[in-house]
Structures are given as C-alpha cells and as structure tokens.
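So this one's start-v3.cif, mmCIF, N, CA and C atoms:
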data_coords
loop_
_atom_site.label_atom_id
_atom_site.label_comp_id
_atom_site.auth_asym_id
_atom_site.auth_seq_id
_atom_site.Cartn_x
_atom_site.Cartn_y
_atom_site.Cartn_z
N MET T 1 10.36 15.17 -13.57
CA MET T 1 9.38 14.65 -12.62
C MET T 1 10.03 14.56 -11.24
N GLU T 2 9.35 15.05 -10.22
CA GLU T 2 9.88 15.01 -8.85
C GLU T 2 9.94 13.59 -8.33
N LYS T 3 10.98 13.30 -7.54
CA LYS T 3 11.13 11.96 -6.96
C LYS T 3 10.66 11.96 -5.51
N VAL T 4 9.87 10.93 -5.17
CA VAL T 4 9.34 10.76 -3.83
C VAL T 4 9.58 9.32 -3.40
N VAL T 5 9.89 9.13 -2.12
CA VAL T 5 10.02 7.78 -1.57
C VAL T 5 8.86 7.58 -0.60
N ILE T 6 8.19 6.44 -0.73
CA ILE T 6 7.06 6.12 0.16
C ILE T 6 7.29 4.73 0.75
N TYR T 7 7.17 4.65 2.08
CA TYR T 7 7.17 3.37 2.78
C TYR T 7 5.77 3.14 3.32
N THR T 8 5.29 1.90 3.25
CA THR T 8 3.94 1.61 3.72
C THR T 8 3.92 0.29 4.50
N ASP T 9 2.93 0.18 5.39
CA ASP T 9 2.69 -1.09 6.06
C ASP T 9 1.26 -1.12 6.56
N GLY T 10 0.72 -2.33 6.59
CA GLY T 10 -0.61 -2.55 7.14
C GLY T 10 -0.52 -3.63 8.19
N ALA T 11 -1.45 -3.60 9.15
CA ALA T 11 -1.44 -4.59 10.22
C ALA T 11 -2.87 -4.89 10.62
N CYS T 12 -3.07 -6.08 11.13
CA CYS T 12 -4.39 -6.47 11.59
C CYS T 12 -4.25 -7.25 12.89
N SER T 13 -5.19 -7.03 13.79
CA SER T 13 -5.24 -7.79 15.04
C SER T 13 -6.33 -8.83 14.85
N GLY T 14 -5.92 -10.01 14.40
CA GLY T 14 -6.90 -10.98 13.90
C GLY T 14 -7.05 -10.68 12.43
N ASN T 15 -7.42 -11.66 11.63
CA ASN T 15 -7.54 -11.42 10.18
C ASN T 15 -8.74 -12.20 9.66
N PRO T 16 -9.93 -11.63 9.62
CA PRO T 16 -10.25 -10.20 9.82
C PRO T 16 -10.29 -9.79 11.30
N GLY T 17 -10.24 -8.49 11.48
CA GLY T 17 -10.28 -7.89 12.81
C GLY T 17 -9.98 -6.42 12.68
N PRO T 18 -9.75 -5.73 13.80
CA PRO T 18 -9.37 -4.32 13.72
C PRO T 18 -8.01 -4.19 13.05
N GLY T 19 -7.90 -3.22 12.16
CA GLY T 19 -6.66 -3.06 11.41
C GLY T 19 -6.17 -1.62 11.39
N GLY T 20 -4.91 -1.48 11.02
CA GLY T 20 -4.33 -0.15 10.90
C GLY T 20 -3.32 -0.13 9.77
N TRP T 21 -3.01 1.06 9.31
CA TRP T 21 -2.01 1.24 8.26
C TRP T 21 -1.14 2.43 8.62
N GLY T 22 0.09 2.40 8.12
CA GLY T 22 1.03 3.50 8.33
C GLY T 22 1.80 3.76 7.06
N THR T 23 2.05 5.04 6.78
CA THR T 23 2.74 5.44 5.57
C THR T 23 3.71 6.58 5.89
N ILE T 24 4.89 6.50 5.31
CA ILE T 24 5.87 7.60 5.42
C ILE T 24 6.19 8.07 4.00
N LEU T 25 6.05 9.37 3.78
CA LEU T 25 6.42 9.98 2.51
C LEU T 25 7.66 10.81 2.72
N MET T 26 8.63 10.67 1.81
CA MET T 26 9.86 11.45 1.89
C MET T 26 10.09 12.16 0.57
N TYR T 27 10.21 13.47 0.66
CA TYR T 27 10.43 14.30 -0.52
C TYR T 27 11.52 15.31 -0.18
N LYS T 28 12.65 15.19 -0.88
CA LYS T 28 13.83 16.01 -0.55
C LYS T 28 14.14 15.82 0.93
N GLU T 29 14.18 16.90 1.73
CA GLU T 29 14.49 16.69 3.15
C GLU T 29 13.23 16.63 4.02
N ASN T 30 12.07 16.63 3.39
CA ASN T 30 10.81 16.58 4.14
C ASN T 30 10.34 15.15 4.34
N LYS T 31 9.74 14.91 5.50
CA LYS T 31 9.20 13.59 5.82
C LYS T 31 7.83 13.78 6.45
N LYS T 32 6.85 13.02 5.97
CA LYS T 32 5.50 13.12 6.52
C LYS T 32 5.02 11.72 6.87
N GLU T 33 4.45 11.58 8.06
CA GLU T 33 3.90 10.30 8.50
C GLU T 33 2.38 10.42 8.59
N ILE T 34 1.69 9.42 8.04
CA ILE T 34 0.23 9.37 8.14
C ILE T 34 -0.17 7.95 8.54
N SER T 35 -1.34 7.83 9.14
CA SER T 35 -1.84 6.51 9.51
C SER T 35 -3.34 6.57 9.73
N GLY T 36 -3.93 5.40 9.80
CA GLY T 36 -5.38 5.31 10.04
C GLY T 36 -5.74 3.87 10.30
N GLY T 37 -7.01 3.65 10.55
CA GLY T 37 -7.43 2.29 10.85
C GLY T 37 -8.88 2.05 10.51
N LYS T 38 -9.27 0.82 10.69
CA LYS T 38 -10.63 0.39 10.38
C LYS T 38 -10.99 -0.71 11.37
N GLN T 39 -12.23 -0.70 11.81
CA GLN T 39 -12.65 -1.64 12.85
C GLN T 39 -12.64 -3.10 12.39
N ASP T 40 -13.25 -3.38 11.25
CA ASP T 40 -13.39 -4.77 10.81
C ASP T 40 -12.80 -4.88 9.40
N THR T 41 -11.60 -5.42 9.31
CA THR T 41 -10.91 -5.41 8.03
C THR T 41 -9.93 -6.58 7.94
N THR T 42 -9.14 -6.60 6.89
CA THR T 42 -8.12 -7.64 6.74
C THR T 42 -6.74 -6.99 6.56
N ASN T 43 -5.72 -7.79 6.74
CA ASN T 43 -4.35 -7.31 6.57
C ASN T 43 -4.14 -6.78 5.15
N ASN T 44 -4.64 -7.51 4.14
CA ASN T 44 -4.44 -7.07 2.75
C ASN T 44 -5.12 -5.74 2.47
N VAL T 45 -6.30 -5.52 3.04
CA VAL T 45 -7.00 -4.24 2.85
C VAL T 45 -6.16 -3.11 3.46
N MET T 46 -5.56 -3.35 4.62
CA MET T 46 -4.73 -2.33 5.26
C MET T 46 -3.45 -2.07 4.47
N GLU T 47 -2.84 -3.12 3.91
CA GLU T 47 -1.64 -2.94 3.08
C GLU T 47 -1.97 -2.07 1.86
N LEU T 48 -3.07 -2.37 1.20
CA LEU T 48 -3.50 -1.59 0.02
C LEU T 48 -3.83 -0.16 0.40
N THR T 49 -4.54 0.01 1.51
CA THR T 49 -4.95 1.35 1.96
C THR T 49 -3.72 2.22 2.24
N ALA T 50 -2.70 1.64 2.85
CA ALA T 50 -1.47 2.40 3.16
C ALA T 50 -0.85 2.97 1.88
N VAL T 51 -0.82 2.15 0.82
CA VAL T 51 -0.24 2.59 -0.46
C VAL T 51 -1.11 3.68 -1.08
N ILE T 52 -2.42 3.43 -1.13
CA ILE T 52 -3.36 4.38 -1.74
C ILE T 52 -3.30 5.73 -1.04
N GLU T 53 -3.34 5.72 0.29
CA GLU T 53 -3.35 6.98 1.04
C GLU T 53 -2.05 7.76 0.83
N GLY T 54 -0.94 7.05 0.71
CA GLY T 54 0.33 7.73 0.44
C GLY T 54 0.32 8.40 -0.93
N LEU T 55 -0.11 7.66 -1.94
CA LEU T 55 -0.14 8.21 -3.30
C LEU T 55 -1.15 9.35 -3.42
N LYS T 56 -2.26 9.27 -2.68
CA LYS T 56 -3.28 10.33 -2.76
C LYS T 56 -2.77 11.66 -2.21
N LEU T 57 -1.75 11.62 -1.37
CA LEU T 57 -1.20 12.87 -0.82
C LEU T 57 -0.36 13.65 -1.83
N LEU T 58 0.09 12.98 -2.88
CA LEU T 58 0.94 13.65 -3.86
C LEU T 58 0.11 14.65 -4.66
N LYS T 59 0.61 15.88 -4.74
CA LYS T 59 -0.17 16.97 -5.35
C LYS T 59 0.02 17.08 -6.86
N PHE T 60 1.03 16.41 -7.41
CA PHE T 60 1.28 16.45 -8.86
C PHE T 60 1.97 15.15 -9.23
N PRO T 61 1.99 14.79 -10.51
CA PRO T 61 2.61 13.53 -10.92
C PRO T 61 4.07 13.43 -10.46
N CYS T 62 4.39 12.31 -9.84
CA CYS T 62 5.73 12.10 -9.29
C CYS T 62 6.30 10.76 -9.72
N GLU T 63 7.62 10.66 -9.61
CA GLU T 63 8.30 9.39 -9.76
C GLU T 63 8.45 8.84 -8.35
N VAL T 64 7.80 7.70 -8.09
CA VAL T 64 7.70 7.18 -6.73
C VAL T 64 8.47 5.87 -6.58
N GLU T 65 9.36 5.83 -5.58
CA GLU T 65 9.97 4.57 -5.15
C GLU T 65 9.14 4.14 -3.95
N LEU T 66 8.35 3.09 -4.12
CA LEU T 66 7.45 2.64 -3.06
C LEU T 66 7.99 1.35 -2.45
N TYR T 67 8.05 1.32 -1.12
CA TYR T 67 8.56 0.16 -0.40
C TYR T 67 7.46 -0.42 0.49
N SER T 68 7.23 -1.72 0.34
CA SER T 68 6.21 -2.41 1.13
C SER T 68 6.72 -3.80 1.47
N ASP T 69 6.29 -4.32 2.61
CA ASP T 69 6.65 -5.71 2.94
C ASP T 69 5.55 -6.67 2.49
N SER T 70 4.56 -6.14 1.76
CA SER T 70 3.44 -6.96 1.29
C SER T 70 3.71 -7.53 -0.10
N ALA T 71 3.94 -8.85 -0.15
CA ALA T 71 4.11 -9.52 -1.45
C ALA T 71 2.84 -9.35 -2.28
N TYR T 72 1.69 -9.35 -1.62
CA TYR T 72 0.39 -9.18 -2.28
C TYR T 72 0.36 -7.90 -3.11
N VAL T 73 0.80 -6.80 -2.52
CA VAL T 73 0.80 -5.50 -3.22
C VAL T 73 1.91 -5.43 -4.27
N VAL T 74 3.13 -5.76 -3.87
CA VAL T 74 4.28 -5.62 -4.76
C VAL T 74 4.17 -6.55 -5.97
N ASN T 75 3.82 -7.82 -5.73
CA ASN T 75 3.76 -8.79 -6.82
C ASN T 75 2.66 -8.49 -7.82
N ALA T 76 1.57 -7.88 -7.36
CA ALA T 76 0.48 -7.54 -8.28
C ALA T 76 0.99 -6.66 -9.42
N PHE T 77 1.94 -5.78 -9.11
CA PHE T 77 2.51 -4.90 -10.14
C PHE T 77 3.77 -5.50 -10.75
N GLU T 78 4.68 -5.97 -9.92
CA GLU T 78 5.98 -6.44 -10.42
C GLU T 78 5.84 -7.74 -11.22
N GLN T 79 4.82 -8.55 -10.93
CA GLN T 79 4.61 -9.79 -11.69
C GLN T 79 3.47 -9.64 -12.69
N GLY T 80 2.91 -8.43 -12.77
CA GLY T 80 1.93 -8.14 -13.81
C GLY T 80 0.53 -8.66 -13.60
N TRP T 81 0.22 -9.15 -12.40
CA TRP T 81 -1.14 -9.67 -12.16
C TRP T 81 -2.20 -8.61 -12.45
N ILE T 82 -1.95 -7.39 -12.00
CA ILE T 82 -2.97 -6.35 -12.10
C ILE T 82 -3.33 -6.05 -13.56
N TYR T 83 -2.35 -6.14 -14.45
CA TYR T 83 -2.62 -5.86 -15.86
C TYR T 83 -3.51 -6.95 -16.47
N ASN T 84 -3.32 -8.18 -16.00
CA ASN T 84 -4.20 -9.27 -16.43
C ASN T 84 -5.60 -9.10 -15.85
N TRP T 85 -5.69 -8.66 -14.59
CA TRP T 85 -7.00 -8.43 -13.99
C TRP T 85 -7.77 -7.37 -14.77
N VAL T 86 -7.08 -6.29 -15.13
CA VAL T 86 -7.71 -5.22 -15.91
C VAL T 86 -8.20 -5.78 -17.25
N LYS T 87 -7.32 -6.51 -17.92
CA LYS T 87 -7.64 -7.09 -19.23
C LYS T 87 -8.81 -8.07 -19.14
N ASN T 88 -8.88 -8.81 -18.02
CA ASN T 88 -9.93 -9.83 -17.84
C ASN T 88 -11.12 -9.31 -17.04
N ASN T 89 -11.32 -7.97 -17.09
CA ASN T 89 -12.47 -7.35 -16.41
C ASN T 89 -12.52 -7.69 -14.91
N TRP T 90 -11.35 -7.57 -14.25
CA TRP T 90 -11.21 -7.77 -12.80
C TRP T 90 -11.59 -9.18 -12.37
N LYS T 91 -11.16 -10.14 -13.19
CA LYS T 91 -11.29 -11.56 -12.83
C LYS T 91 -9.89 -12.14 -12.72
N THR T 92 -9.72 -13.08 -11.80
CA THR T 92 -8.43 -13.76 -11.64
C THR T 92 -8.24 -14.76 -12.77
N ALA T 93 -7.07 -15.36 -12.80
CA ALA T 93 -6.79 -16.40 -13.81
C ALA T 93 -7.81 -17.54 -13.68
N GLY T 94 -8.29 -17.78 -12.46
CA GLY T 94 -9.30 -18.82 -12.23
C GLY T 94 -10.72 -18.35 -12.47
N LYS T 95 -10.88 -17.16 -13.06
CA LYS T 95 -12.18 -16.57 -13.42
C LYS T 95 -13.01 -16.10 -12.21
N ASP T 96 -12.37 -16.02 -11.04
CA ASP T 96 -13.07 -15.50 -9.86
C ASP T 96 -12.90 -13.98 -9.82
N PRO T 97 -13.87 -13.27 -9.22
CA PRO T 97 -13.69 -11.82 -9.07
C PRO T 97 -12.46 -11.53 -8.20
N VAL T 98 -11.72 -10.52 -8.57
CA VAL T 98 -10.54 -10.12 -7.79
C VAL T 98 -11.01 -9.61 -6.42
N LYS T 99 -10.39 -10.12 -5.35
CA LYS T 99 -10.72 -9.64 -4.00
C LYS T 99 -10.23 -8.21 -3.84
N ASN T 100 -10.95 -7.40 -3.07
CA ASN T 100 -10.59 -6.00 -2.81
C ASN T 100 -10.52 -5.18 -4.10
N GLN T 101 -11.40 -5.51 -5.02
CA GLN T 101 -11.39 -4.91 -6.36
C GLN T 101 -11.43 -3.39 -6.34
N GLU T 102 -12.26 -2.79 -5.48
CA GLU T 102 -12.38 -1.33 -5.46
C GLU T 102 -11.05 -0.69 -5.10
N LEU T 103 -10.35 -1.29 -4.13
CA LEU T 103 -9.04 -0.75 -3.73
C LEU T 103 -8.02 -0.92 -4.85
N TRP T 104 -8.03 -2.08 -5.49
CA TRP T 104 -7.10 -2.31 -6.60
C TRP T 104 -7.36 -1.32 -7.73
N GLN T 105 -8.64 -1.05 -8.01
CA GLN T 105 -8.97 -0.11 -9.09
C GLN T 105 -8.49 1.29 -8.75
N GLU T 106 -8.66 1.69 -7.49
CA GLU T 106 -8.21 3.01 -7.07
C GLU T 106 -6.68 3.10 -7.17
N LEU T 107 -5.98 2.05 -6.72
CA LEU T 107 -4.52 2.03 -6.79
C LEU T 107 -4.06 2.03 -8.25
N TYR T 108 -4.72 1.27 -9.09
CA TYR T 108 -4.36 1.21 -10.51
C TYR T 108 -4.48 2.60 -11.15
N GLN T 109 -5.55 3.32 -10.83
CA GLN T 109 -5.72 4.68 -11.36
C GLN T 109 -4.59 5.59 -10.89
N LEU T 110 -4.22 5.48 -9.63
CA LEU T 110 -3.13 6.30 -9.09
C LEU T 110 -1.80 6.01 -9.79
N THR T 111 -1.59 4.75 -10.19
CA THR T 111 -0.34 4.41 -10.88
C THR T 111 -0.34 4.92 -12.32
N LYS T 112 -1.48 5.38 -12.80
CA LYS T 112 -1.52 6.01 -14.13
C LYS T 112 -1.08 7.48 -14.02
N THR T 113 -1.29 8.08 -12.85
CA THR T 113 -0.89 9.47 -12.61
C THR T 113 0.59 9.54 -12.27
N HIS T 114 1.04 8.60 -11.46
CA HIS T 114 2.42 8.61 -10.96
C HIS T 114 3.18 7.42 -11.54
N LYS T 115 4.49 7.61 -11.70
CA LYS T 115 5.34 6.52 -12.15
C LYS T 115 5.83 5.83 -10.88
N VAL T 116 5.25 4.66 -10.59
CA VAL T 116 5.52 3.99 -9.33
C VAL T 116 6.36 2.74 -9.55
N LYS T 117 7.47 2.65 -8.81
CA LYS T 117 8.29 1.44 -8.80
C LYS T 117 8.04 0.77 -7.45
N PHE T 118 7.48 -0.44 -7.50
CA PHE T 118 7.17 -1.18 -6.28
C PHE T 118 8.37 -2.02 -5.87
N ASN T 119 8.77 -1.88 -4.60
CA ASN T 119 9.92 -2.61 -4.06
C ASN T 119 9.50 -3.39 -2.83
N LYS T 120 9.89 -4.67 -2.79
CA LYS T 120 9.55 -5.52 -1.64
C LYS T 120 10.66 -5.38 -0.61
N VAL T 121 10.28 -5.08 0.62
CA VAL T 121 11.24 -5.07 1.73
C VAL T 121 10.86 -6.19 2.69
N LYS T 122 11.84 -6.66 3.41
CA LYS T 122 11.59 -7.72 4.38
C LYS T 122 10.92 -7.09 5.60
N GLY T 123 9.77 -7.64 5.98
CA GLY T 123 9.04 -7.10 7.13
C GLY T 123 9.72 -7.46 8.44
N HIS T 124 9.54 -6.61 9.43
CA HIS T 124 10.01 -6.86 10.80
C HIS T 124 11.50 -7.20 10.84
N SER T 125 12.28 -6.51 10.01
CA SER T 125 13.73 -6.74 10.07
C SER T 125 14.42 -5.43 10.43
N ASP T 126 15.45 -5.06 9.70
CA ASP T 126 16.25 -3.92 10.13
C ASP T 126 16.00 -2.66 9.31
N ASN T 127 14.87 -2.61 8.58
CA ASN T 127 14.58 -1.39 7.82
C ASN T 127 13.82 -0.41 8.73
N GLN T 128 14.48 0.69 9.08
CA GLN T 128 13.89 1.62 10.05
C GLN T 128 12.56 2.20 9.58
N TYR T 129 12.42 2.46 8.30
CA TYR T 129 11.18 3.07 7.81
C TYR T 129 10.04 2.07 7.78
N ASN T 130 10.35 0.83 7.39
CA ASN T 130 9.32 -0.21 7.43
C ASN T 130 8.88 -0.47 8.87
N ASN T 131 9.84 -0.50 9.77
CA ASN T 131 9.52 -0.70 11.19
C ASN T 131 8.68 0.45 11.73
N ARG T 132 8.98 1.66 11.30
CA ARG T 132 8.20 2.82 11.75
C ARG T 132 6.78 2.75 11.19
N CYS T 133 6.62 2.33 9.95
CA CYS T 133 5.27 2.17 9.37
C CYS T 133 4.48 1.12 10.13
N ASP T 134 5.16 0.03 10.51
CA ASP T 134 4.52 -1.02 11.29
C ASP T 134 4.04 -0.45 12.63
N GLU T 135 4.89 0.37 13.25
CA GLU T 135 4.54 1.01 14.52
C GLU T 135 3.33 1.94 14.34
N LEU T 136 3.33 2.73 13.27
CA LEU T 136 2.20 3.62 12.99
C LEU T 136 0.91 2.82 12.81
N ALA T 137 1.01 1.71 12.07
CA ALA T 137 -0.16 0.87 11.82
C ALA T 137 -0.68 0.26 13.12
N ARG T 138 0.22 -0.25 13.94
CA ARG T 138 -0.20 -0.87 15.21
C ARG T 138 -0.77 0.17 16.18
N ASN T 139 -0.20 1.36 16.18
CA ASN T 139 -0.74 2.44 17.02
C ASN T 139 -2.14 2.81 16.57
N ALA T 140 -2.39 2.78 15.27
CA ALA T 140 -3.72 3.11 14.74
C ALA T 140 -4.75 2.09 15.21
N ILE T 141 -4.34 0.81 15.29
CA ILE T 141 -5.25 -0.23 15.81
C ILE T 141 -5.59 0.09 17.26
N GLY T 142 -4.57 0.51 18.01
CA GLY T 142 -4.76 0.83 19.43
C GLY T 142 -5.73 1.98 19.66
N LYS T 143 -5.92 2.82 18.65
CA LYS T 143 -6.82 3.99 18.78
C LYS T 143 -8.27 3.63 18.46
N MET T 144 -8.51 2.37 18.09
CA MET T 144 -9.87 1.95 17.70
C MET T 144 -10.81 1.97 18.89
#
Step by step, read the file and then write its structure as structure tokens.
Amino acid sequence: MEKVVIYTDGACSGNPGPGGWGTILMYKENKKEISGGKQDTTNNVMELTAVIEGLKLLKFPCEVELYSDSAYVVNAFEQGWIYNWVKNNWKTAGKDPVKNQELWQELYQLTKTHKVKFNKVKGHSDNQYNNRCDELARNAIGKM
C-alpha cells in the first residue's frame, strides 16, 4: 500500500462566519496544496472538510499519516467516538444527533478505503506544514 502524508487545517472568521480550509498532500517527492472556503460555516466544519478533501484526492487505497491540529477530528478516531456514533445510529453518548453528521459519514466512508492514522499536532507552533495549511485556510477566507 502506498504511503501518503496529509496535513490539514480549518479556520473561521467568527464562529460561525466565513471559513476556509487548507490541505497539503505529500507522496514521495510530490507535494500538492489545495484549499477552499464557505461563506457561512464553523471552524469544525472547515477542519472536517480539509480532511475529507485531502482523502478524496487519493486515486487508490493508501496508507495515510494525517496531521491535524483539531482535537475534534483526531479524537473522534483516536478515542473511538466515531465507532460509537456509528453503532448508536449517529447519536452521541447523550442521545443527541451527532453534529456535522453528513461530513462525519463521508469521512468515515473514506477511512474504510484508506488506512488512516490520525495525529494531533500543536496548532500555530513550529510545524511548517500545519502553519502552511493555516495560511491556505486563511487565504481562502480572504477570497470570499
């Protein structure tokens, strides 16, 4: 299985407000940057969108090292929340519907195609790729 590294970040100007996302994919010596935005959204929606859009670019099943500064995204997989949501028909432990359910379902499906390891990185620190994703996301907001 081919190995790919993906860095992602989402940003919002106000929460909710105009938002943007940025993603960097690295495969062997190739690097691709993508980004986009939405007029009225939340930070969590942008964080999820960044991950989904990165995984959607992969043309065949890959082993993915994914880096995000979003505890919301990383913990859902690393702490197993998403598997409980699936088991409980997309309800939280408190029996409430899972927020951003459509995005979570799309991401969950993508993780069935690809072997994804979610890694939490510290936001706004010294990780050049996370900082670049943040820049891509903020630039996308500026294009609104």
Exercise. What does the distance between CA of Gly22 in chain T and atom N of Pro61 in chain T come to in Å, to one decimal place?
Worked result: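 Straight-line distance from CA of Gly22 in chain T to atom N of Pro61 in chain T works out to 22.0 Å.
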- Reference answer for the PyMOL selection byres (((chain T and resi 98-101 and name CA) around 12) and name CA), as a ChimeraX atom specification: /T:41-49,72-73,76,81-82,84-86,88-97,102-108
Just the selected residues (N, CA and C atoms), exported as a compact mmCIF listing (two decimals), keeping the file's coordinate frame, please.
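Result saved to again-v3.txt:
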# COMPACT_ATOMS: atom_id res chain seq x y z
N THR T 41 -11.60 -5.42 9.31
CA THR T 41 -10.91 -5.41 8.03
C THR T 41 -9.93 -6.58 7.94
N THR T 42 -9.14 -6.60 6.89
CA THR T 42 -8.12 -7.64 6.74
C THR T 42 -6.74 -6.99 6.56
N ASN T 43 -5.72 -7.79 6.74
CA ASN T 43 -4.35 -7.31 6.57
C ASN T 43 -4.14 -6.78 5.15
N ASN T 44 -4.64 -7.51 4.14
CA ASN T 44 -4.44 -7.07 2.75
C ASN T 44 -5.12 -5.74 2.47
N VAL T 45 -6.30 -5.52 3.04
CA VAL T 45 -7.00 -4.24 2.85
C VAL T 45 -6.16 -3.11 3.46
N MET T 46 -5.56 -3.35 4.62
CA MET T 46 -4.73 -2.33 5.26
C MET T 46 -3.45 -2.07 4.47
N GLU T 47 -2.84 -3.12 3.91
CA GLU T 47 -1.64 -2.94 3.08
C GLU T 47 -1.97 -2.07 1.86
N LEU T 48 -3.07 -2.37 1.20
CA LEU T 48 -3.50 -1.59 0.02
C LEU T 48 -3.83 -0.16 0.40
N THR T 49 -4.54 0.01 1.51
CA THR T 49 -4.95 1.35 1.96
C THR T 49 -3.72 2.22 2.24
N TYR T 72 1.69 -9.35 -1.62
CA TYR T 72 0.39 -9.18 -2.28
C TYR T 72 0.36 -7.90 -3.11
N VAL T 73 0.80 -6.80 -2.52
CA VAL T 73 0.80 -5.50 -3.22
C VAL T 73 1.91 -5.43 -4.27
N ALA T 76 1.57 -7.88 -7.36
CA ALA T 76 0.48 -7.54 -8.28
C ALA T 76 0.99 -6.66 -9.42
N TRP T 81 0.22 -9.15 -12.40
CA TRP T 81 -1.14 -9.67 -12.16
C TRP T 81 -2.20 -8.61 -12.45
N ILE T 82 -1.95 -7.39 -12.00
CA ILE T 82 -2.97 -6.35 -12.10
C ILE T 82 -3.33 -6.05 -13.56
N ASN T 84 -3.32 -8.18 -16.00
CA ASN T 84 -4.20 -9.27 -16.43
C ASN T 84 -5.60 -9.10 -15.85
N TRP T 85 -5.69 -8.66 -14.59
CA TRP T 85 -7.00 -8.43 -13.99
C TRP T 85 -7.77 -7.37 -14.77
N VAL T 86 -7.08 -6.29 -15.13
CA VAL T 86 -7.71 -5.22 -15.91
C VAL T 86 -8.20 -5.78 -17.25
N ASN T 88 -8.88 -8.81 -18.02
CA ASN T 88 -9.93 -9.83 -17.84
C ASN T 88 -11.12 -9.31 -17.04
N ASN T 89 -11.32 -7.97 -17.09
CA ASN T 89 -12.47 -7.35 -16.41
C ASN T 89 -12.52 -7.69 -14.91
N TRP T 90 -11.35 -7.57 -14.25
CA TRP T 90 -11.21 -7.77 -12.80
C TRP T 90 -11.59 -9.18 -12.37
N LYS T 91 -11.16 -10.14 -13.19
CA LYS T 91 -11.29 -11.56 -12.83
C LYS T 91 -9.89 -12.14 -12.72
N THR T 92 -9.72 -13.08 -11.80
CA THR T 92 -8.43 -13.76 -11.64
C THR T 92 -8.24 -14.76 -12.77
N ALA T 93 -7.07 -15.36 -12.80
CA ALA T 93 -6.79 -16.40 -13.81
C ALA T 93 -7.81 -17.54 -13.68
N GLY T 94 -8.29 -17.78 -12.46
CA GLY T 94 -9.30 -18.82 -12.23
C GLY T 94 -10.72 -18.35 -12.47
N LYS T 95 -10.88 -17.16 -13.06
CA LYS T 95 -12.18 -16.57 -13.42
C LYS T 95 -13.01 -16.10 -12.21
N ASP T 96 -12.37 -16.02 -11.04
CA ASP T 96 -13.07 -15.50 -9.86
C ASP T 96 -12.90 -13.98 -9.82
N PRO T 97 -13.87 -13.27 -9.22
CA PRO T 97 -13.69 -11.82 -9.07
C PRO T 97 -12.46 -11.53 -8.20
N GLU T 102 -12.26 -2.79 -5.48
CA GLU T 102 -12.38 -1.33 -5.46
C GLU T 102 -11.05 -0.69 -5.10
N LEU T 103 -10.35 -1.29 -4.13
CA LEU T 103 -9.04 -0.75 -3.73
C LEU T 103 -8.02 -0.92 -4.85
N TRP T 104 -8.03 -2.08 -5.49
CA TRP T 104 -7.10 -2.31 -6.60
C TRP T 104 -7.36 -1.32 -7.73
N GLN T 105 -8.64 -1.05 -8.01
CA GLN T 105 -8.97 -0.11 -9.09
C GLN T 105 -8.49 1.29 -8.75
N GLU T 106 -8.66 1.69 -7.49
CA GLU T 106 -8.21 3.01 -7.07
C GLU T 106 -6.68 3.10 -7.17
N LEU T 107 -5.98 2.05 -6.72
CA LEU T 107 -4.52 2.03 -6.79
C LEU T 107 -4.06 2.03 -8.25
N TYR T 108 -4.72 1.27 -9.09
CA TYR T 108 -4.36 1.21 -10.51
C TYR T 108 -4.48 2.60 -11.15
Applying the PyMOL selection byres ((chain T and resi 120) around 8) to the file I just gave you, which residues come out? Please list them as a ChimeraX atom specification. /T:66-71,74-75,117-119,121-123
Gap from atom N of Ser35 in chain T to atom C of Trp21 in chain T - Å, one decimal: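 About the pair atom N of Ser35 in chain T and atom C of Trp21 in chain T: they are 5.4 Å apart.
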Do you know which residues lie at most 7 Å from (4.9, 1.7, 9.5), with coordinates as in the file and all atoms listed in the file counted, and could you write them as an MDAnalysis selection string?
chainID T and resid 7:10 21:24 129:138
